[in-house]
$ cat start-v3.cif   # mmCIF, C-alpha atoms and all ligand atoms
data_target
loop_
_atom_site.label_atom_id
_atom_site.label_comp_id
_atom_site.auth_asym_id
_atom_site.auth_seq_id
_atom_site.Cartn_x
_atom_site.Cartn_y
_atom_site.Cartn_z
CA MET V 1 69.03 -99.67 105.44
CA ALA V 2 69.83 -96.24 106.73
CA GLU V 3 70.30 -95.26 110.36
CA ILE V 4 67.31 -93.14 111.36
CA ILE V 5 68.57 -90.02 113.10
CA ASP V 6 66.58 -89.46 116.28
CA GLY V 7 66.27 -85.67 116.39
CA LYS V 8 63.84 -85.86 119.27
CA LYS V 9 66.43 -87.60 121.44
CA VAL V 10 69.26 -85.23 120.45
CA ALA V 11 66.97 -82.26 121.13
CA GLU V 12 66.14 -83.66 124.58
CA ASP V 13 69.87 -83.93 125.34
CA VAL V 14 70.40 -80.30 124.27
CA LEU V 15 67.43 -79.13 126.33
CA ALA V 16 68.64 -81.00 129.43
CA THR V 17 72.03 -79.26 129.14
CA VAL V 18 70.34 -75.88 128.62
CA LYS V 19 68.10 -76.41 131.65
CA ASN V 20 71.08 -77.20 133.91
CA ALA V 21 73.00 -74.18 132.69
CA SER V 22 69.91 -72.00 133.02
CA GLU V 23 69.53 -73.02 136.67
CA ALA V 24 73.19 -72.24 137.31
CA LEU V 25 72.78 -68.80 135.72
CA THR V 26 69.64 -68.12 137.76
CA ALA V 27 71.62 -68.98 140.90
CA LYS V 28 74.08 -66.27 139.82
CA GLY V 29 71.19 -63.79 139.55
CA VAL V 30 70.48 -63.87 135.79
CA THR V 31 67.43 -65.81 134.59
CA PRO V 32 67.44 -66.21 130.79
CA GLY V 33 64.47 -64.36 129.28
CA LEU V 34 62.87 -65.08 125.90
CA ALA V 35 60.20 -62.89 124.29
CA VAL V 36 58.22 -64.37 121.42
CA ILE V 37 56.01 -62.13 119.29
CA ILE V 38 53.24 -63.40 117.02
CA VAL V 39 51.13 -61.14 114.81
CA GLY V 40 47.85 -62.50 113.45
CA GLU V 41 46.31 -65.94 113.60
CA ASP V 42 48.21 -68.21 111.22
CA PRO V 43 47.43 -71.66 112.72
CA ALA V 44 50.87 -73.19 112.05
CA SER V 45 52.59 -70.16 113.60
CA GLN V 46 50.35 -70.40 116.67
CA VAL V 47 51.41 -74.02 117.19
CA TYR V 48 55.13 -73.18 116.78
CA VAL V 49 54.95 -70.19 119.10
CA ALA V 50 53.07 -72.10 121.81
CA SER V 51 55.72 -74.82 121.80
CA LYS V 52 58.56 -72.26 121.90
CA SER V 53 57.01 -70.59 124.97
CA LYS V 54 56.37 -73.96 126.64
CA LYS V 55 59.94 -75.18 126.11
CA ALA V 56 61.31 -71.88 127.42
CA ASN V 57 59.33 -72.42 130.63
CA GLU V 58 60.58 -75.99 130.90
CA CYS V 59 64.17 -74.73 130.61
CA GLY V 60 63.55 -72.45 133.61
CA PHE V 61 63.55 -69.29 131.48
CA LYS V 62 61.42 -66.23 131.91
CA SER V 63 59.08 -66.70 128.95
CA VAL V 64 56.98 -63.85 127.58
CA GLN V 65 54.58 -64.17 124.67
CA HIS V 66 53.14 -61.12 122.88
CA THR V 67 50.12 -62.03 120.78
CA LEU V 68 49.15 -59.10 118.56
CA PRO V 69 46.17 -58.71 116.22
CA ALA V 70 46.70 -59.10 112.45
CA GLU V 71 46.02 -55.39 111.91
CA THR V 72 48.87 -54.27 114.20
CA SER V 73 50.79 -51.43 112.52
CA GLN V 74 54.47 -51.73 111.65
CA ALA V 75 55.18 -48.73 113.90
CA ASP V 76 53.52 -50.39 116.90
CA LEU V 77 55.48 -53.59 116.30
CA VAL V 78 58.76 -51.64 116.13
CA LYS V 79 57.79 -49.87 119.36
CA LEU V 80 57.31 -53.21 121.14
CA ILE V 81 60.67 -54.47 119.81
CA ASP V 82 62.36 -51.26 121.02
CA GLU V 83 60.89 -51.84 124.50
CA LEU V 84 62.14 -55.44 124.53
CA ASN V 85 65.57 -54.32 123.26
CA ALA V 86 65.78 -52.04 126.30
CA ASP V 87 64.43 -54.62 128.79
CA SER V 88 67.36 -56.10 130.74
CA THR V 89 65.32 -59.18 131.77
CA ILE V 90 64.94 -60.22 128.10
CA HIS V 91 67.93 -61.87 126.37
CA GLY V 92 66.24 -63.24 123.27
CA ILE V 93 63.60 -61.72 120.98
CA LEU V 94 61.86 -63.78 118.31
CA VAL V 95 59.29 -62.42 115.87
CA GLN V 96 57.47 -65.37 114.32
CA LEU V 97 57.43 -65.28 110.53
CA PRO V 98 55.59 -64.86 108.24
CA LEU V 99 54.18 -61.46 109.21
CA PRO V 100 51.00 -60.00 107.66
CA ASP V 101 51.53 -58.48 104.19
CA HIS V 102 51.24 -54.84 105.29
CA ILE V 103 54.32 -55.22 107.50
CA ASP V 104 57.84 -55.06 106.04
CA SER V 105 59.42 -58.19 107.56
CA GLY V 106 62.94 -57.03 106.71
CA ALA V 107 62.49 -53.79 108.63
CA ILE V 108 61.08 -55.66 111.63
CA ILE V 109 63.93 -58.17 111.72
CA GLN V 110 66.53 -55.39 111.57
CA ALA V 111 64.81 -53.59 114.48
CA ILE V 112 65.88 -56.41 116.81
CA ALA V 113 69.11 -55.70 118.71
CA PRO V 114 71.73 -58.11 117.24
CA GLU V 115 72.78 -59.21 120.73
CA LYS V 116 69.17 -60.38 121.38
CA ASP V 117 68.61 -61.76 117.86
CA VAL V 118 68.40 -65.44 118.85
CA ASP V 119 66.98 -66.29 115.39
CA GLY V 120 70.22 -65.05 113.80
CA PHE V 121 68.39 -63.04 111.12
CA THR V 122 69.86 -59.54 111.58
CA PHE V 123 72.55 -58.27 109.21
CA ALA V 124 75.12 -58.37 112.02
CA ASN V 125 74.58 -62.07 112.71
CA VAL V 126 74.19 -63.04 109.04
CA GLY V 127 77.44 -61.15 108.35
CA LYS V 128 79.31 -62.91 111.14
CA LEU V 129 78.21 -66.32 109.88
CA GLY V 130 79.09 -65.36 106.30
CA THR V 131 82.61 -64.35 107.34
CA GLY V 132 83.14 -67.56 109.29
CA GLU V 133 82.62 -66.10 112.78
CA VAL V 134 80.50 -69.10 113.63
CA ASN V 135 81.29 -68.97 117.33
CA THR V 136 80.24 -65.37 117.96
CA ALA V 137 77.24 -65.26 115.59
CA PHE V 138 73.76 -66.29 116.59
CA VAL V 139 73.19 -68.99 113.98
CA PRO V 140 69.61 -69.55 112.74
CA CYS V 141 68.08 -72.38 114.73
CA THR V 142 67.06 -74.85 112.00
CA PRO V 143 70.44 -74.95 110.24
CA ALA V 144 72.25 -74.98 113.60
CA GLY V 145 70.17 -77.99 114.66
CA SER V 146 70.69 -79.71 111.30
CA MET V 147 74.44 -79.25 111.66
CA LEU V 148 74.40 -80.86 115.08
CA LEU V 149 72.59 -83.89 113.63
CA ILE V 150 75.11 -84.15 110.78
CA GLU V 151 77.98 -84.07 113.28
CA ARG V 152 76.29 -86.75 115.40
CA VAL V 153 76.43 -89.22 112.50
CA ARG V 154 79.59 -88.12 110.66
CA GLY V 155 81.73 -86.79 113.51
CA SER V 156 82.99 -83.23 113.73
CA ASP V 157 85.41 -83.46 110.78
CA LEU V 158 83.40 -82.87 107.61
CA SER V 159 86.40 -81.64 105.59
CA GLY V 160 86.19 -82.22 101.88
CA LEU V 161 82.73 -83.77 101.88
CA ASN V 162 80.38 -82.77 99.06
CA ALA V 163 77.26 -81.13 100.46
CA VAL V 164 74.20 -80.17 98.44
CA VAL V 165 71.68 -77.81 100.04
CA VAL V 166 68.37 -77.83 98.17
CA GLY V 167 66.69 -74.47 98.82
CA ARG V 168 68.13 -70.97 99.17
CA SER V 169 65.95 -69.33 101.83
CA ASN V 170 67.41 -66.84 104.28
CA ILE V 171 66.06 -68.90 107.18
CA VAL V 172 67.51 -72.29 106.19
CA GLY V 173 69.27 -72.74 102.83
CA LYS V 174 71.76 -69.86 102.88
CA PRO V 175 72.83 -70.17 106.55
CA MET V 176 73.04 -73.96 106.16
CA ALA V 177 75.39 -73.51 103.20
CA ASN V 178 77.55 -71.11 105.24
CA LEU V 179 77.75 -73.53 108.17
CA LEU V 180 78.81 -76.40 105.90
CA LEU V 181 81.36 -74.15 104.21
CA ALA V 182 82.76 -73.11 107.59
CA ALA V 183 83.12 -76.85 108.29
CA ASN V 184 85.22 -77.21 105.09
CA CYS V 185 82.61 -78.99 102.98
CA THR V 186 82.40 -78.36 99.24
CA VAL V 187 78.95 -76.80 99.10
CA THR V 188 76.45 -76.41 96.26
CA VAL V 189 73.19 -74.55 96.81
CA ALA V 190 70.47 -75.82 94.49
CA HIS V 191 67.17 -74.09 93.76
CA SER V 192 64.24 -74.02 91.36
CA ARG V 193 66.45 -73.02 88.39
CA THR V 194 69.13 -75.65 89.03
CA LYS V 195 69.81 -77.94 86.07
CA ASP V 196 69.77 -81.70 86.62
CA LEU V 197 69.12 -81.69 90.35
CA PRO V 198 69.03 -85.51 90.50
CA ALA V 199 72.62 -85.77 89.18
CA LEU V 200 73.77 -83.03 91.55
CA CYS V 201 72.23 -84.79 94.55
CA ARG V 202 73.83 -88.10 93.49
CA SER V 203 77.25 -86.46 93.87
CA ALA V 204 76.54 -85.46 97.49
CA ASP V 205 77.84 -87.02 100.69
CA ILE V 206 75.40 -84.75 102.57
CA VAL V 207 71.99 -83.67 101.21
CA VAL V 208 69.98 -81.04 103.08
CA ALA V 209 66.47 -80.59 101.66
CA ALA V 210 64.71 -77.34 102.55
CA VAL V 211 62.30 -76.43 99.78
CA GLY V 212 58.84 -77.04 101.25
CA ARG V 213 57.76 -79.44 98.50
CA PRO V 214 56.48 -82.81 99.67
CA GLU V 215 58.76 -85.76 98.83
CA MET V 216 60.47 -83.87 96.03
CA VAL V 217 63.89 -85.47 96.59
CA LYS V 218 63.61 -89.03 95.29
CA GLY V 219 65.25 -92.15 96.67
CA ASP V 220 67.40 -92.79 93.60
CA TRP V 221 68.91 -89.27 93.89
CA ILE V 222 70.73 -90.37 97.04
CA LYS V 223 74.24 -91.77 96.89
CA GLU V 224 74.97 -94.97 98.79
CA GLY V 225 75.90 -94.07 102.37
CA ALA V 226 74.99 -90.35 102.13
CA THR V 227 73.64 -88.37 105.10
CA VAL V 228 70.17 -86.97 104.38
CA ILE V 229 68.74 -84.10 106.42
CA ASP V 230 65.09 -83.39 105.66
CA VAL V 231 64.02 -79.92 106.83
CA GLY V 232 60.59 -80.00 105.16
CA ILE V 233 57.36 -80.36 107.09
CA ASN V 234 54.45 -80.70 104.66
CA ARG V 235 50.93 -81.67 105.61
CA ILE V 236 49.27 -83.93 103.05
CA PRO V 237 45.48 -83.59 103.37
CA ALA V 238 43.34 -86.61 104.17
CA PRO V 239 41.75 -88.27 101.16
CA GLU V 240 38.20 -87.05 100.67
CA LYS V 241 36.85 -90.60 100.81
CA GLY V 242 37.73 -93.48 103.08
CA GLU V 243 39.47 -93.80 106.41
CA GLY V 244 42.76 -92.02 105.64
CA LYS V 245 44.01 -89.21 107.89
CA SER V 246 46.12 -86.22 106.94
CA ARG V 247 49.83 -86.92 107.38
CA LEU V 248 53.13 -85.06 107.65
CA VAL V 249 55.85 -85.71 105.10
CA GLY V 250 59.22 -84.11 104.48
CA ASP V 251 60.85 -82.82 101.29
CA VAL V 252 62.46 -86.24 100.81
CA ASP V 253 60.85 -89.54 99.78
CA PHE V 254 61.77 -91.16 103.10
CA GLU V 255 61.08 -94.74 102.15
CA GLY V 256 63.04 -94.57 98.89
CA ALA V 257 65.93 -92.53 100.32
CA SER V 258 66.29 -94.86 103.34
CA LYS V 259 67.33 -97.65 100.97
CA ASN V 260 70.44 -95.76 99.84
CA ALA V 261 71.29 -93.29 102.65
CA GLY V 262 73.73 -94.10 105.43
CA ALA V 263 71.65 -91.98 107.80
CA ILE V 264 68.44 -89.98 107.39
CA THR V 265 66.19 -87.77 109.51
CA PRO V 266 62.53 -88.74 109.78
CA VAL V 267 59.59 -86.32 109.54
CA PRO V 268 58.31 -85.73 112.16
CA GLY V 269 60.95 -86.33 114.83
CA GLY V 270 64.08 -85.26 112.94
CA VAL V 271 65.02 -81.62 112.39
CA GLY V 272 61.77 -80.18 113.86
CA PRO V 273 62.55 -80.76 117.56
CA MET V 274 66.11 -79.47 117.00
CA THR V 275 64.89 -76.03 115.91
CA ILE V 276 63.29 -75.29 119.26
CA ALA V 277 66.20 -76.79 121.20
CA MET V 278 68.67 -74.52 119.38
CA LEU V 279 66.48 -71.48 120.10
CA MET V 280 66.76 -72.26 123.80
CA ALA V 281 70.52 -72.80 123.42
CA ASN V 282 70.89 -69.41 121.68
CA THR V 283 68.86 -67.67 124.40
CA LEU V 284 71.03 -69.28 127.07
CA VAL V 285 74.19 -68.08 125.29
CA SER V 286 72.77 -64.57 125.11
CA ALA V 287 71.98 -64.54 128.84
CA SER V 288 75.43 -66.01 129.64
CA ARG V 289 77.10 -63.16 127.75
CA VAL V 290 75.19 -60.65 129.87
CA ALA V 291 76.02 -62.53 133.08
CA GLY V 292 79.70 -62.45 132.10
N1 LIG X 301 58.96 -69.19 110.72
C1 LIG X 301 59.39 -70.39 110.25
N2 LIG X 301 60.59 -70.69 110.77
C2 LIG X 301 60.93 -69.66 111.59
C3 LIG X 301 62.06 -69.41 112.42
O1 LIG X 301 63.02 -70.18 112.50
N3 LIG X 301 62.02 -68.25 113.11
C4 LIG X 301 60.99 -67.38 113.02
N4 LIG X 301 61.06 -66.25 113.72
N5 LIG X 301 59.93 -67.58 112.26
C5 LIG X 301 59.91 -68.73 111.55
#
$ encode --input "start-v3.cif" --output "structure tokens"
Amino acid sequence: MAEIIDGKKVAEDVLATVKNASEALTAKGVTPGLAVIIVGEDPASQVYVASKSKKANECGFKSVQHTLPAETSQADLVKLIDELNADSTIHGILVQLPLPDHIDSGAIIQAIAPEKDVDGFTFANVGKLGTGEVNTAFVPCTPAGSMLLIERVRGSDLSGLNAVVVGRSNIVGKPMANLLLAANCTVTVAHSRTKDLPALCRSADIVVAAVGRPEMVKGDWIKEGATVIDVGINRIPAPEKGEGKSRLVGDVDFEGASKNAGAITPVPGGVGPMTIAMLMANTLVSASRVAG
């Protein structure tokens, strides 16, 4: 049976290190500051944003949350970002996605100053990651956290391993592929048009699933001993009759995959906690750069 990768524990370790470093920076006169912006009332986004603000406080950061109505104009949102770009007490700016349809998300992301782009979504940071400048880029938090979990179980030398990333989003799939490539893996990015996904996954030493489709990756797609990182968080509604409750599942059939995998992340408690921890780590790095 597979080792179950305890993302919650690894995230707690990261957060403890960030908190210590944050206190040391504060003693030097620079308190890391994180601004989180949410537009509208998407319930999942509200939960994520509340936990980001809470964790920032726990790390000893200055934590500012801007909660804007759904009808906020694009111009007003850009104005707020410009103010935060110019605010020397703020080192990280995060605009929670998705944004309402009338706002051009791409334009909003690019309005964030790259040196405060702790999500790693601006062209400057995407470009650095794509050219292998992994150490100076802000790397998107979910892939950065996933990478840390992979290194925990496989060690830091991933050279020559076959990695399959299922999903090609800008937030997870593409940056994940770039991180694995920078670590000398042989990387394939699979997506909805990929032919024979099961066979492709069976060739992989590392499978990262980030498609947002409940339990899509089946147990018999996993090679013996492979590392399986499940980025999906899907809520399955409660059955209409009976006692059952709604439940969270990943993009991988956990029970089936656990029989073949060497190590696997659970949902919840795997990649999820790592995302927030890496956001705090990125904000700390940003503040450290300012402090010199
Ligand atoms: N929505 C879902 N994931 C993310 C993320 O990592 N960052 C932001 N800003 N929004 C998200």
$ closest_residue --input "start-v3.cif" --among "V:Glu255, V:Asp104, V:Asp42, V:Glu133" --to "V:Val217" --atoms "all atoms listed in the file"
V:Glu255
$ closest_residue --input "start-v3.cif" --among "V:Thr283, V:Thr31, V:Thr188, V:Asn260" --to "V:Val139" --atoms "all atoms listed in the file"
V:Thr283
$ residues_near_ligand --input "start-v3.cif" --ligand "ligand LIG 301 (chain X)" --cutoff "12 Å" --atoms "all atoms listed in the file" --output "PDB file with C-alpha atoms, in the frame of the given file"
ATOM      1  CA  ALA V  35      60.200 -62.890 124.290  1.00  0.00           C
ATOM      2  CA  VAL V  36      58.220 -64.370 121.420  1.00  0.00           C
ATOM      3  CA  ILE V  37      56.010 -62.130 119.290  1.00  0.00           C
ATOM      4  CA  ILE V  38      53.240 -63.400 117.020  1.00  0.00           C
ATOM      5  CA  VAL V  39      51.130 -61.140 114.810  1.00  0.00           C
ATOM      6  CA  ASP V  42      48.210 -68.210 111.220  1.00  0.00           C
ATOM      7  CA  PRO V  43      47.430 -71.660 112.720  1.00  0.00           C
ATOM      8  CA  ALA V  44      50.870 -73.190 112.050  1.00  0.00           C
ATOM      9  CA  SER V  45      52.590 -70.160 113.600  1.00  0.00           C
ATOM     10  CA  GLN V  46      50.350 -70.400 116.670  1.00  0.00           C
ATOM     11  CA  VAL V  47      51.410 -74.020 117.190  1.00  0.00           C
ATOM     12  CA  TYR V  48      55.130 -73.180 116.780  1.00  0.00           C
ATOM     13  CA  VAL V  49      54.950 -70.190 119.100  1.00  0.00           C
ATOM     14  CA  LYS V  52      58.560 -72.260 121.900  1.00  0.00           C
ATOM     15  CA  GLY V  92      66.240 -63.240 123.270  1.00  0.00           C
ATOM     16  CA  ILE V  93      63.600 -61.720 120.980  1.00  0.00           C
ATOM     17  CA  LEU V  94      61.860 -63.780 118.310  1.00  0.00           C
ATOM     18  CA  VAL V  95      59.290 -62.420 115.870  1.00  0.00           C
ATOM     19  CA  GLN V  96      57.470 -65.370 114.320  1.00  0.00           C
ATOM     20  CA  LEU V  97      57.430 -65.280 110.530  1.00  0.00           C
ATOM     21  CA  PRO V  98      55.590 -64.860 108.240  1.00  0.00           C
ATOM     22  CA  LEU V  99      54.180 -61.460 109.210  1.00  0.00           C
ATOM     23  CA  SER V 105      59.420 -58.190 107.560  1.00  0.00           C
ATOM     24  CA  GLY V 106      62.940 -57.030 106.710  1.00  0.00           C
ATOM     25  CA  ILE V 108      61.080 -55.660 111.630  1.00  0.00           C
ATOM     26  CA  ILE V 109      63.930 -58.170 111.720  1.00  0.00           C
ATOM     27  CA  ILE V 112      65.880 -56.410 116.810  1.00  0.00           C
ATOM     28  CA  ASP V 117      68.610 -61.760 117.860  1.00  0.00           C
ATOM     29  CA  VAL V 118      68.400 -65.440 118.850  1.00  0.00           C
ATOM     30  CA  ASP V 119      66.980 -66.290 115.390  1.00  0.00           C
ATOM     31  CA  GLY V 120      70.220 -65.050 113.800  1.00  0.00           C
ATOM     32  CA  PHE V 121      68.390 -63.040 111.120  1.00  0.00           C
ATOM     33  CA  THR V 122      69.860 -59.540 111.580  1.00  0.00           C
ATOM     34  CA  VAL V 139      73.190 -68.990 113.980  1.00  0.00           C
ATOM     35  CA  PRO V 140      69.610 -69.550 112.740  1.00  0.00           C
ATOM     36  CA  CYS V 141      68.080 -72.380 114.730  1.00  0.00           C
ATOM     37  CA  THR V 142      67.060 -74.850 112.000  1.00  0.00           C
ATOM     38  CA  PRO V 143      70.440 -74.950 110.240  1.00  0.00           C
ATOM     39  CA  ALA V 144      72.250 -74.980 113.600  1.00  0.00           C
ATOM     40  CA  GLY V 145      70.170 -77.990 114.660  1.00  0.00           C
ATOM     41  CA  SER V 169      65.950 -69.330 101.830  1.00  0.00           C
ATOM     42  CA  ASN V 170      67.410 -66.840 104.280  1.00  0.00           C
ATOM     43  CA  ILE V 171      66.060 -68.900 107.180  1.00  0.00           C
ATOM     44  CA  VAL V 172      67.510 -72.290 106.190  1.00  0.00           C
ATOM     45  CA  GLY V 173      69.270 -72.740 102.830  1.00  0.00           C
ATOM     46  CA  PRO V 175      72.830 -70.170 106.550  1.00  0.00           C
ATOM     47  CA  ALA V 210      64.710 -77.340 102.550  1.00  0.00           C
ATOM     48  CA  GLY V 212      58.840 -77.040 101.250  1.00  0.00           C
ATOM     49  CA  VAL V 231      64.020 -79.920 106.830  1.00  0.00           C
ATOM     50  CA  GLY V 232      60.590 -80.000 105.160  1.00  0.00           C
ATOM     51  CA  ILE V 233      57.360 -80.360 107.090  1.00  0.00           C
ATOM     52  CA  VAL V 271      65.020 -81.620 112.390  1.00  0.00           C
ATOM     53  CA  GLY V 272      61.770 -80.180 113.860  1.00  0.00           C
ATOM     54  CA  PRO V 273      62.550 -80.760 117.560  1.00  0.00           C
ATOM     55  CA  MET V 274      66.110 -79.470 117.000  1.00  0.00           C
ATOM     56  CA  THR V 275      64.890 -76.030 115.910  1.00  0.00           C
ATOM     57  CA  ILE V 276      63.290 -75.290 119.260  1.00  0.00           C
ATOM     58  CA  ALA V 277      66.200 -76.790 121.200  1.00  0.00           C
ATOM     59  CA  MET V 278      68.670 -74.520 119.380  1.00  0.00           C
ATOM     60  CA  LEU V 279      66.480 -71.480 120.100  1.00  0.00           C
TER      61      LEU V 279
END
$ residues_around --input "start-v3.cif" --residues "V:Lys9" --least-positions-apart "2" --cutoff "12 Å" --atoms "all atoms listed in the file" --output "ChimeraX atom specification"
/V:4-7,11-16,149,152,265,269-274,277
$ closest_residue --input "start-v3.cif" --among "V:Val164, V:Ala177, V:Cys185, V:Arg235" --to "V:Arg202" --atoms "only C-alpha atoms"
V:Val164
